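Undergrad: One file: final30.cif (mmCIF, N, CA and C atoms).
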data_my_file
loop_
_atom_site.group_PDB
_atom_site.id
_atom_site.type_symbol
_atom_site.label_atom_id
_atom_site.label_comp_id
_atom_site.auth_asym_id
_atom_site.auth_seq_id
_atom_site.Cartn_x
_atom_site.Cartn_y
_atom_site.Cartn_z
ATOM 1 N N MET P 229 -9.546 38.246 6.078
ATOM 2 C CA MET P 229 -10.665 37.520 6.615
ATOM 3 C C MET P 229 -11.217 36.501 5.634
ATOM 4 N N GLY P 230 -11.228 36.824 4.365
ATOM 5 C CA GLY P 230 -11.788 35.927 3.370
ATOM 6 C C GLY P 230 -10.910 34.727 3.081
ATOM 7 N N ASN P 231 -9.676 34.756 3.538
ATOM 8 C CA ASN P 231 -8.745 33.663 3.254
ATOM 9 C C ASN P 231 -8.843 32.510 4.229
ATOM 10 N N THR P 232 -9.623 32.628 5.298
ATOM 11 C CA THR P 232 -9.660 31.557 6.298
ATOM 12 C C THR P 232 -10.200 30.260 5.712
ATOM 13 N N GLY P 233 -11.201 30.333 4.864
ATOM 14 C CA GLY P 233 -11.713 29.129 4.216
ATOM 15 C C GLY P 233 -10.682 28.524 3.290
ATOM 16 N N GLN P 234 -9.980 29.371 2.561
ATOM 17 C CA GLN P 234 -8.943 28.898 1.647
ATOM 18 C C GLN P 234 -7.765 28.314 2.420
ATOM 19 N N GLU P 235 -7.424 28.926 3.553
ATOM 20 C CA GLU P 235 -6.335 28.409 4.377
ATOM 21 C C GLU P 235 -6.684 27.042 4.940
ATOM 22 N N LYS P 236 -7.947 26.858 5.320
ATOM 23 C CA LYS P 236 -8.372 25.552 5.837
ATOM 24 C C LYS P 236 -8.278 24.494 4.746
ATOM 25 N N LEU P 237 -8.693 24.844 3.539
ATOM 26 C CA LEU P 237 -8.595 23.891 2.433
ATOM 27 C C LEU P 237 -7.147 23.602 2.078
ATOM 28 N N THR P 238 -6.302 24.623 2.119
ATOM 29 C CA THR P 238 -4.884 24.415 1.843
ATOM 30 C C THR P 238 -4.279 23.467 2.873
ATOM 31 N N TRP P 239 -4.600 23.686 4.129
ATOM 32 C CA TRP P 239 -4.094 22.794 5.171
ATOM 33 C C TRP P 239 -4.600 21.382 4.951
ATOM 34 N N LEU P 240 -5.862 21.245 4.580
ATOM 35 C CA LEU P 240 -6.456 19.932 4.375
ATOM 36 C C LEU P 240 -5.778 19.188 3.232
ATOM 37 N N PHE P 241 -5.555 19.879 2.120
ATOM 38 C CA PHE P 241 -4.982 19.226 0.945
ATOM 39 C C PHE P 241 -3.469 19.073 1.019
ATOM 40 N N GLN P 242 -2.823 19.680 2.004
ATOM 41 C CA GLN P 242 -1.391 19.509 2.187
ATOM 42 C C GLN P 242 -1.059 18.686 3.422
ATOM 43 N N ASN P 243 -2.048 18.146 4.072
ATOM 44 C CA ASN P 243 -1.859 17.323 5.256
ATOM 45 C C ASN P 243 -1.183 16.014 4.853
ATOM 46 N N ARG P 244 -0.036 15.727 5.452
ATOM 47 C CA ARG P 244 0.755 14.545 5.069
ATOM 48 C C ARG P 244 0.014 13.239 5.322
ATOM 49 N N ALA P 245 -0.728 13.156 6.417
ATOM 50 C CA ALA P 245 -1.472 11.929 6.722
ATOM 51 C C ALA P 245 -2.547 11.681 5.670
ATOM 52 N N LEU P 246 -3.230 12.734 5.262
ATOM 53 C CA LEU P 246 -4.268 12.572 4.241
ATOM 54 C C LEU P 246 -3.664 12.273 2.868
ATOM 55 N N LEU P 247 -2.503 12.844 2.579
ATOM 56 C CA LEU P 247 -1.835 12.541 1.311
ATOM 57 C C LEU P 247 -1.423 11.072 1.259
ATOM 58 N N LEU P 248 -0.891 10.557 2.357
ATOM 59 C CA LEU P 248 -0.535 9.141 2.411
ATOM 60 C C LEU P 248 -1.779 8.270 2.295
ATOM 61 N N MET P 249 -2.847 8.671 2.956
ATOM 62 C CA MET P 249 -4.104 7.919 2.877
ATOM 63 C C MET P 249 -4.592 7.866 1.434
ATOM 64 N N GLY P 250 -4.448 8.952 0.707
ATOM 65 C CA GLY P 250 -4.843 8.971 -0.697
ATOM 66 C C GLY P 250 -4.013 8.022 -1.539
ATOM 67 N N LYS P 251 -2.758 7.838 -1.176
ATOM 68 C CA LYS P 251 -1.890 6.932 -1.930
ATOM 69 C C LYS P 251 -2.227 5.468 -1.664
ATOM 70 N N ILE P 252 -2.644 5.154 -0.444
ATOM 71 C CA ILE P 252 -2.876 3.750 -0.104
ATOM 72 C C ILE P 252 -4.350 3.366 -0.123
ATOM 73 N N ILE P 253 -5.228 4.276 -0.509
ATOM 74 C CA ILE P 253 -6.663 4.020 -0.407
ATOM 75 C C ILE P 253 -7.096 2.841 -1.270
ATOM 76 N N TYR P 254 -6.466 2.640 -2.413
ATOM 77 C CA TYR P 254 -6.841 1.506 -3.266
ATOM 78 C C TYR P 254 -6.521 0.187 -2.567
ATOM 79 N N GLY P 255 -5.376 0.125 -1.884
ATOM 80 C CA GLY P 255 -5.030 -1.073 -1.126
ATOM 81 C C GLY P 255 -6.002 -1.319 0.019
ATOM 82 N N ILE P 256 -6.440 -0.259 0.665
ATOM 83 C CA ILE P 256 -7.430 -0.401 1.729
ATOM 84 C C ILE P 256 -8.717 -0.983 1.152
ATOM 85 N N TYR P 257 -9.125 -0.465 0.005
ATOM 86 C CA TYR P 257 -10.324 -0.970 -0.660
ATOM 87 C C TYR P 257 -10.169 -2.450 -1.022
ATOM 88 N N LEU P 258 -9.000 -2.821 -1.526
ATOM 89 C CA LEU P 258 -8.783 -4.207 -1.949
ATOM 90 C C LEU P 258 -8.745 -5.196 -0.787
ATOM 91 N N TYR P 259 -8.117 -4.820 0.289
ATOM 92 C CA TYR P 259 -7.818 -5.773 1.355
ATOM 93 C C TYR P 259 -8.759 -5.724 2.550
ATOM 94 N N HIS P 260 -9.648 -4.744 2.652
ATOM 95 C CA HIS P 260 -10.394 -4.587 3.900
ATOM 96 C C HIS P 260 -11.265 -5.796 4.224
ATOM 97 N N VAL P 261 -11.933 -6.380 3.263
ATOM 98 C CA VAL P 261 -12.796 -7.524 3.548
ATOM 99 C C VAL P 261 -11.960 -8.743 3.926
ATOM 100 N N THR P 262 -10.885 -8.969 3.194
ATOM 101 C CA THR P 262 -10.024 -10.119 3.446
ATOM 102 C C THR P 262 -9.408 -10.050 4.838
ATOM 103 N N ILE P 263 -8.904 -8.900 5.205
ATOM 104 C CA ILE P 263 -8.284 -8.750 6.530
ATOM 105 C C ILE P 263 -9.314 -9.014 7.628
ATOM 106 N N PHE P 264 -10.467 -8.380 7.539
ATOM 107 C CA PHE P 264 -11.452 -8.522 8.610
ATOM 108 C C PHE P 264 -12.045 -9.923 8.672
ATOM 109 N N ASN P 265 -12.129 -10.606 7.559
ATOM 110 C CA ASN P 265 -12.709 -11.949 7.570
ATOM 111 C C ASN P 265 -11.723 -13.042 7.977
ATOM 112 N N HIS P 266 -10.451 -12.858 7.696
ATOM 113 C CA HIS P 266 -9.494 -13.950 7.889
ATOM 114 C C HIS P 266 -8.435 -13.696 8.960
ATOM 115 N N SER P 267 -8.520 -12.601 9.660
ATOM 116 C CA SER P 267 -7.480 -12.305 10.641
ATOM 117 C C SER P 267 -7.796 -12.850 12.036
ATOM 118 N N ALA P 268 -9.004 -13.277 12.269
ATOM 119 C CA ALA P 268 -9.395 -13.685 13.632
ATOM 120 C C ALA P 268 -8.547 -14.837 14.157
ATOM 121 N N ARG P 269 -8.305 -15.837 13.332
ATOM 122 C CA ARG P 269 -7.535 -16.997 13.789
ATOM 123 C C ARG P 269 -6.094 -16.598 14.125
ATOM 124 N N PHE P 270 -5.490 -15.801 13.252
ATOM 125 C CA PHE P 270 -4.117 -15.352 13.492
ATOM 126 C C PHE P 270 -4.042 -14.456 14.727
ATOM 127 N N LEU P 271 -4.963 -13.503 14.824
ATOM 128 C CA LEU P 271 -4.918 -12.572 15.944
ATOM 129 C C LEU P 271 -5.254 -13.253 17.268
ATOM 130 N N TYR P 272 -6.089 -14.277 17.245
ATOM 131 C CA TYR P 272 -6.409 -14.997 18.482
ATOM 132 C C TYR P 272 -5.146 -15.627 19.067
ATOM 133 N N SER P 273 -4.363 -16.314 18.232
ATOM 134 C CA SER P 273 -3.130 -16.927 18.748
ATOM 135 C C SER P 273 -2.090 -15.864 19.106
ATOM 136 N N PHE P 274 -2.056 -14.773 18.362
ATOM 137 C CA PHE P 274 -1.132 -13.681 18.671
ATOM 138 C C PHE P 274 -1.500 -13.029 20.001
ATOM 139 N N ASN P 275 -2.782 -12.809 20.216
ATOM 140 C CA ASN P 275 -3.229 -12.146 21.441
ATOM 141 C C ASN P 275 -3.034 -13.016 22.676
ATOM 142 N N LYS P 276 -3.076 -14.343 22.524
ATOM 143 C CA LYS P 276 -2.829 -15.225 23.668
ATOM 144 C C LYS P 276 -1.425 -15.033 24.213
ATOM 145 N N ALA P 277 -0.472 -14.690 23.337
ATOM 146 C CA ALA P 277 0.917 -14.524 23.769
ATOM 147 C C ALA P 277 1.191 -13.137 24.346
ATOM 148 N N LEU P 278 0.282 -12.203 24.170
ATOM 149 C CA LEU P 278 0.502 -10.849 24.689
ATOM 150 C C LEU P 278 0.300 -10.796 26.200
ATOM 151 N N PRO P 279 1.167 -10.062 26.888
ATOM 152 C CA PRO P 279 1.011 -9.948 28.347
ATOM 153 C C PRO P 279 -0.002 -8.852 28.707
ATOM 154 N N LEU P 280 -1.251 -9.058 28.301
ATOM 155 C CA LEU P 280 -2.309 -8.091 28.575
ATOM 156 C C LEU P 280 -3.431 -8.778 29.345
ATOM 157 N N PRO P 281 -4.220 -8.006 30.094
ATOM 158 C CA PRO P 281 -5.372 -8.604 30.786
ATOM 159 C C PRO P 281 -6.376 -9.166 29.781
ATOM 160 N N GLN P 282 -7.103 -10.171 30.190
ATOM 161 C CA GLN P 282 -8.065 -10.841 29.313
ATOM 162 C C GLN P 282 -9.162 -9.890 28.839
ATOM 163 N N GLU P 283 -9.505 -8.889 29.663
ATOM 164 C CA GLU P 283 -10.541 -7.934 29.269
ATOM 165 C C GLU P 283 -10.128 -7.168 28.014
ATOM 166 N N ILE P 284 -8.853 -6.916 27.880
ATOM 167 C CA ILE P 284 -8.361 -6.193 26.696
ATOM 168 C C ILE P 284 -8.230 -7.151 25.521
ATOM 169 N N LYS P 285 -7.689 -8.332 25.756
ATOM 170 C CA LYS P 285 -7.487 -9.305 24.679
ATOM 171 C C LYS P 285 -8.792 -9.702 24.008
ATOM 172 N N GLY P 286 -9.858 -9.834 24.777
ATOM 173 C CA GLY P 286 -11.132 -10.265 24.227
ATOM 174 C C GLY P 286 -12.038 -9.122 23.799
ATOM 175 N N ASN P 287 -11.570 -7.901 23.911
ATOM 176 C CA ASN P 287 -12.374 -6.732 23.593
ATOM 177 C C ASN P 287 -12.501 -6.570 22.071
ATOM 178 N N PHE P 288 -13.718 -6.326 21.604
ATOM 179 C CA PHE P 288 -13.962 -6.155 20.170
ATOM 180 C C PHE P 288 -13.209 -4.954 19.615
ATOM 181 N N TYR P 289 -13.142 -3.870 20.379
ATOM 182 C CA TYR P 289 -12.465 -2.667 19.888
ATOM 183 C C TYR P 289 -10.958 -2.879 19.778
ATOM 184 N N PHE P 290 -10.397 -3.701 20.651
ATOM 185 C CA PHE P 290 -8.978 -4.052 20.538
ATOM 186 C C PHE P 290 -8.754 -4.864 19.261
ATOM 187 N N PHE P 291 -9.638 -5.809 19.001
ATOM 188 C CA PHE P 291 -9.571 -6.616 17.780
ATOM 189 C C PHE P 291 -9.713 -5.725 16.541
ATOM 190 N N LEU P 292 -10.634 -4.789 16.579
ATOM 191 C CA LEU P 292 -10.832 -3.865 15.461
ATOM 192 C C LEU P 292 -9.597 -2.991 15.252
ATOM 193 N N SER P 293 -8.998 -2.529 16.326
ATOM 194 C CA SER P 293 -7.779 -1.722 16.225
ATOM 195 C C SER P 293 -6.639 -2.516 15.596
ATOM 196 N N GLU P 294 -6.492 -3.766 16.018
ATOM 197 C CA GLU P 294 -5.457 -4.622 15.422
ATOM 198 C C GLU P 294 -5.708 -4.818 13.928
ATOM 199 N N ASN P 295 -6.957 -5.015 13.553
ATOM 200 C CA ASN P 295 -7.296 -5.179 12.148
ATOM 201 C C ASN P 295 -6.988 -3.928 11.341
ATOM 202 N N LEU P 296 -7.272 -2.772 11.904
ATOM 203 C CA LEU P 296 -6.982 -1.525 11.201
ATOM 204 C C LEU P 296 -5.484 -1.328 11.008
ATOM 205 N N VAL P 297 -4.701 -1.674 12.021
ATOM 206 C CA VAL P 297 -3.244 -1.584 11.888
ATOM 207 C C VAL P 297 -2.763 -2.537 10.790
ATOM 208 N N LEU P 298 -3.254 -3.765 10.801
ATOM 209 C CA LEU P 298 -2.890 -4.719 9.751
ATOM 210 C C LEU P 298 -3.314 -4.233 8.373
ATOM 211 N N LEU P 299 -4.501 -3.676 8.279
ATOM 212 C CA LEU P 299 -5.010 -3.190 7.009
ATOM 213 C C LEU P 299 -4.151 -2.059 6.466
ATOM 214 N N PHE P 300 -3.834 -1.081 7.296
ATOM 215 C CA PHE P 300 -3.018 0.037 6.844
ATOM 216 C C PHE P 300 -1.606 -0.420 6.488
ATOM 217 N N LEU P 301 -1.057 -1.349 7.259
ATOM 218 C CA LEU P 301 0.273 -1.868 6.965
ATOM 219 C C LEU P 301 0.288 -2.611 5.630
ATOM 220 N N LEU P 302 -0.690 -3.475 5.409
ATOM 221 C CA LEU P 302 -0.764 -4.219 4.155
ATOM 222 C C LEU P 302 -1.000 -3.286 2.970
ATOM 223 N N ALA P 303 -1.861 -2.290 3.136
ATOM 224 C CA ALA P 303 -2.127 -1.335 2.057
ATOM 225 C C ALA P 303 -0.884 -0.517 1.739
ATOM 226 N N TRP P 304 -0.140 -0.108 2.762
ATOM 227 C CA TRP P 304 1.086 0.662 2.528
ATOM 228 C C TRP P 304 2.132 -0.200 1.829
ATOM 229 N N LEU P 305 2.290 -1.453 2.278
ATOM 230 C CA LEU P 305 3.240 -2.353 1.623
ATOM 231 C C LEU P 305 2.850 -2.603 0.172
ATOM 232 N N SER P 306 1.586 -2.769 -0.082
ATOM 233 C CA SER P 306 1.108 -2.971 -1.444
ATOM 234 C C SER P 306 1.418 -1.759 -2.309
ATOM 235 N N TRP P 307 1.197 -0.578 -1.766
ATOM 236 C CA TRP P 307 1.508 0.646 -2.518
ATOM 237 C C TRP P 307 3.002 0.766 -2.771
ATOM 238 N N LYS P 308 3.796 0.511 -1.736
ATOM 239 C CA LYS P 308 5.244 0.688 -1.836
ATOM 240 C C LYS P 308 5.890 -0.366 -2.736
ATOM 241 N N LEU P 309 5.450 -1.613 -2.661
ATOM 242 C CA LEU P 309 6.111 -2.700 -3.378
ATOM 243 C C LEU P 309 5.520 -2.989 -4.751
ATOM 244 N N PHE P 310 4.248 -2.621 -4.982
ATOM 245 C CA PHE P 310 3.616 -2.940 -6.265
ATOM 246 C C PHE P 310 3.175 -1.700 -7.037
ATOM 247 N N GLU P 311 2.330 -0.899 -6.420
ATOM 248 C CA GLU P 311 1.724 0.211 -7.145
ATOM 249 C C GLU P 311 2.747 1.272 -7.548
ATOM 250 N N LEU P 312 3.627 1.662 -6.654
ATOM 251 C CA LEU P 312 4.617 2.697 -6.946
ATOM 252 C C LEU P 312 5.602 2.259 -8.028
ATOM 253 N N PRO P 313 6.204 1.056 -7.946
ATOM 254 C CA PRO P 313 7.105 0.643 -9.033
ATOM 255 C C PRO P 313 6.400 0.515 -10.379
ATOM 256 N N ILE P 314 5.187 0.022 -10.389
ATOM 257 C CA ILE P 314 4.459 -0.099 -11.655
ATOM 258 C C ILE P 314 4.125 1.286 -12.193
ATOM 259 N N SER P 315 3.770 2.194 -11.316
ATOM 260 C CA SER P 315 3.485 3.560 -11.734
ATOM 261 C C SER P 315 4.734 4.239 -12.297
ATOM 262 N N ASN P 316 5.892 3.910 -11.757
ATOM 263 C CA ASN P 316 7.144 4.507 -12.242
ATOM 264 C C ASN P 316 7.584 3.942 -13.586
ATOM 265 N N LEU P 317 7.001 2.847 -14.020
ATOM 266 C CA LEU P 317 7.358 2.272 -15.322
ATOM 267 C C LEU P 317 6.957 3.169 -16.484
ATOM 268 N N LYS P 318 5.982 4.008 -16.282
ATOM 269 C CA LYS P 318 5.514 4.843 -17.388
ATOM 270 C C LYS P 318 6.595 5.799 -17.885
ATOM 271 N N ARG P 319 7.602 6.080 -17.080
ATOM 272 C CA ARG P 319 8.716 6.925 -17.537
ATOM 273 C C ARG P 319 9.514 6.236 -18.628
ATOM 274 N N HIS P 320 9.542 4.914 -18.600
ATOM 275 C CA HIS P 320 10.362 4.152 -19.532
ATOM 276 C C HIS P 320 9.622 3.739 -20.792
ATOM 277 N N LEU P 321 8.346 3.972 -20.844
ATOM 278 C CA LEU P 321 7.570 3.582 -22.012
ATOM 279 C C LEU P 321 7.529 4.727 -23.011
ATOM 280 N N LYS P 322 7.565 4.370 -24.273
ATOM 281 C CA LYS P 322 7.506 5.366 -25.325
ATOM 282 C C LYS P 322 6.068 5.851 -25.463
ATOM 283 N N GLN P 323 5.910 7.148 -25.427
ATOM 284 C CA GLN P 323 4.571 7.698 -25.552
ATOM 285 C C GLN P 323 4.370 8.155 -26.996
ATOM 286 N N GLU P 324 3.388 7.561 -27.633
ATOM 287 C CA GLU P 324 3.083 7.920 -29.014
ATOM 288 C C GLU P 324 1.977 8.950 -29.032
ATOM 289 N N THR P 325 2.100 9.888 -29.949
ATOM 290 C CA THR P 325 1.037 10.868 -30.103
ATOM 291 C C THR P 325 -0.010 10.281 -31.037
ATOM 292 N N PRO P 326 -1.253 10.352 -30.667
ATOM 293 C CA PRO P 326 -2.297 9.768 -31.515
ATOM 294 C C PRO P 326 -2.447 10.565 -32.814
ATOM 295 N N LYS P 327 -2.667 9.829 -33.889
ATOM 296 C CA LYS P 327 -2.885 10.473 -35.179
ATOM 297 C C LYS P 327 -4.356 10.838 -35.297
ATOM 298 N N SER P 328 -4.583 11.968 -35.918
ATOM 299 C CA SER P 328 -5.971 12.340 -36.148
ATOM 300 C C SER P 328 -6.526 11.524 -37.309
ATOM 301 N N VAL P 329 -7.806 11.472 -37.423
ATOM 302 C CA VAL P 329 -8.450 10.699 -38.481
ATOM 303 C C VAL P 329 -8.051 11.209 -39.852
ATOM 304 N N ALA P 330 -7.821 12.517 -39.982
ATOM 305 C CA ALA P 330 -7.465 13.102 -41.279
ATOM 306 C C ALA P 330 -6.056 12.690 -41.707
ATOM 307 N N GLN P 331 -5.160 12.378 -40.769
ATOM 308 C CA GLN P 331 -3.785 12.026 -41.111
ATOM 309 C C GLN P 331 -3.611 10.553 -41.431
ATOM 310 N N GLN P 332 -4.570 9.707 -41.102
ATOM 311 C CA GLN P 332 -4.423 8.268 -41.340
ATOM 312 C C GLN P 332 -4.593 7.961 -42.803
ATOM 313 N N PRO P 333 -3.750 7.014 -43.320
ATOM 314 C CA PRO P 333 -3.890 6.669 -44.747
ATOM 315 C C PRO P 333 -5.218 5.971 -45.013
ATOM 316 N N ALA P 334 -5.742 6.216 -46.210
ATOM 317 C CA ALA P 334 -7.041 5.652 -46.560
ATOM 318 C C ALA P 334 -6.939 4.231 -47.012
#
Output the file's structure in the form of structure tokens.
TA:
Amino acid sequence: MGNTGQEKLTWLFQNRALLLMGKIIYGIYLYHVTIFNHSARFLYSFNKALPLPQEIKGNFYFFLSENLVLLFLLAWLSWKLFELPISNLKRHLKQETPKSVAQQPA
């Protein structure tokens, strides 16, 4: 009985969607303002070509959904193409152990 709280936390911290969100969260932080401010012109022309009723094309929630998809896609690409390769570079760098103050020459 006492493990139900721990099981819920285990499920939460092992959830694949949340783990991916944790990996791309920095990209979301970086790009969210840019995407929402500059996507209207692109999405307007894109939405004109979609075979959807005008009520859906002009709907704010549809626009917000498109922005969220773009944001997550851009954040994932940023993580995959920039952050992950740069993070993997640390394997190739020589790690020096810091000297204590007593070991440094006077």
Undergrad: Suppose you want the space between atom C of P:Tyr259 and atom C of P:Leu299; what is it in Å?
TA: 7.1 Å
Undergrad: In file coordinates, which residues lie within 10 Å of (-8.8, -2.0, 3.3) using only C-alpha atoms, given as a short mmCIF file (atom, residue, chain, number, x, y, z; two decimals) with N, CA and C atoms, keeping the file's coordinate frame?
TA:
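Output contents, as saved in part-v4.cif:
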data_model
loop_
_atom_site.label_atom_id
_atom_site.label_comp_id
_atom_site.auth_asym_id
_atom_site.auth_seq_id
_atom_site.Cartn_x
_atom_site.Cartn_y
_atom_site.Cartn_z
N ILE P 252 -2.64 5.15 -0.44
CA ILE P 252 -2.88 3.75 -0.10
C ILE P 252 -4.35 3.37 -0.12
N ILE P 253 -5.23 4.28 -0.51
CA ILE P 253 -6.66 4.02 -0.41
C ILE P 253 -7.10 2.84 -1.27
N TYR P 254 -6.47 2.64 -2.41
CA TYR P 254 -6.84 1.51 -3.27
C TYR P 254 -6.52 0.19 -2.57
N GLY P 255 -5.38 0.12 -1.88
CA GLY P 255 -5.03 -1.07 -1.13
C GLY P 255 -6.00 -1.32 0.02
N ILE P 256 -6.44 -0.26 0.66
CA ILE P 256 -7.43 -0.40 1.73
C ILE P 256 -8.72 -0.98 1.15
N TYR P 257 -9.12 -0.46 0.00
CA TYR P 257 -10.32 -0.97 -0.66
C TYR P 257 -10.17 -2.45 -1.02
N LEU P 258 -9.00 -2.82 -1.53
CA LEU P 258 -8.78 -4.21 -1.95
C LEU P 258 -8.74 -5.20 -0.79
N TYR P 259 -8.12 -4.82 0.29
CA TYR P 259 -7.82 -5.77 1.36
C TYR P 259 -8.76 -5.72 2.55
N HIS P 260 -9.65 -4.74 2.65
CA HIS P 260 -10.39 -4.59 3.90
C HIS P 260 -11.26 -5.80 4.22
N VAL P 261 -11.93 -6.38 3.26
CA VAL P 261 -12.80 -7.52 3.55
C VAL P 261 -11.96 -8.74 3.93
N THR P 262 -10.88 -8.97 3.19
CA THR P 262 -10.02 -10.12 3.45
C THR P 262 -9.41 -10.05 4.84
N ILE P 263 -8.90 -8.90 5.20
CA ILE P 263 -8.28 -8.75 6.53
C ILE P 263 -9.31 -9.01 7.63
N PHE P 264 -10.47 -8.38 7.54
CA PHE P 264 -11.45 -8.52 8.61
C PHE P 264 -12.04 -9.92 8.67
N ASN P 295 -6.96 -5.01 13.55
CA ASN P 295 -7.30 -5.18 12.15
C ASN P 295 -6.99 -3.93 11.34
N LEU P 296 -7.27 -2.77 11.90
CA LEU P 296 -6.98 -1.52 11.20
C LEU P 296 -5.48 -1.33 11.01
N LEU P 298 -3.25 -3.76 10.80
CA LEU P 298 -2.89 -4.72 9.75
C LEU P 298 -3.31 -4.23 8.37
N LEU P 299 -4.50 -3.68 8.28
CA LEU P 299 -5.01 -3.19 7.01
C LEU P 299 -4.15 -2.06 6.47
N PHE P 300 -3.83 -1.08 7.30
CA PHE P 300 -3.02 0.04 6.84
C PHE P 300 -1.61 -0.42 6.49
N LEU P 301 -1.06 -1.35 7.26
CA LEU P 301 0.27 -1.87 6.96
C LEU P 301 0.29 -2.61 5.63
N LEU P 302 -0.69 -3.48 5.41
CA LEU P 302 -0.76 -4.22 4.16
C LEU P 302 -1.00 -3.29 2.97
N ALA P 303 -1.86 -2.29 3.14
CA ALA P 303 -2.13 -1.34 2.06
C ALA P 303 -0.88 -0.52 1.74
#
Undergrad: In chain P, what's helix (DSSP H, G or I) per DSSP? Answer as a ChimeraX atom specification?
TA: /P:232-241,244-266,268-277,282-285,288-319
Undergrad: Can you work out which one of P:Leu317, P:Ala268, P:Leu247, P:Leu312 has the shortest atom-to-atom distance to P:Phe288, counting only C-alpha atoms?
TA: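 Nearest candidate to P:Phe288 out of P:Leu317, P:Ala268, P:Leu247, P:Leu312: P:Ala268.
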Undergrad: Distance atom CA of P:Glu294-atom N of P:Lys276, one decimal place?
TA: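 Computed distance, atom CA of P:Glu294 to atom N of P:Lys276, equals 12.3 Å.
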Undergrad: Go ahead and compute the interatomic distance for atom N of P:Phe270 and atom N of P:Leu305, in Å to one decimal.
TA: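 So the answer is 19.7 Å.
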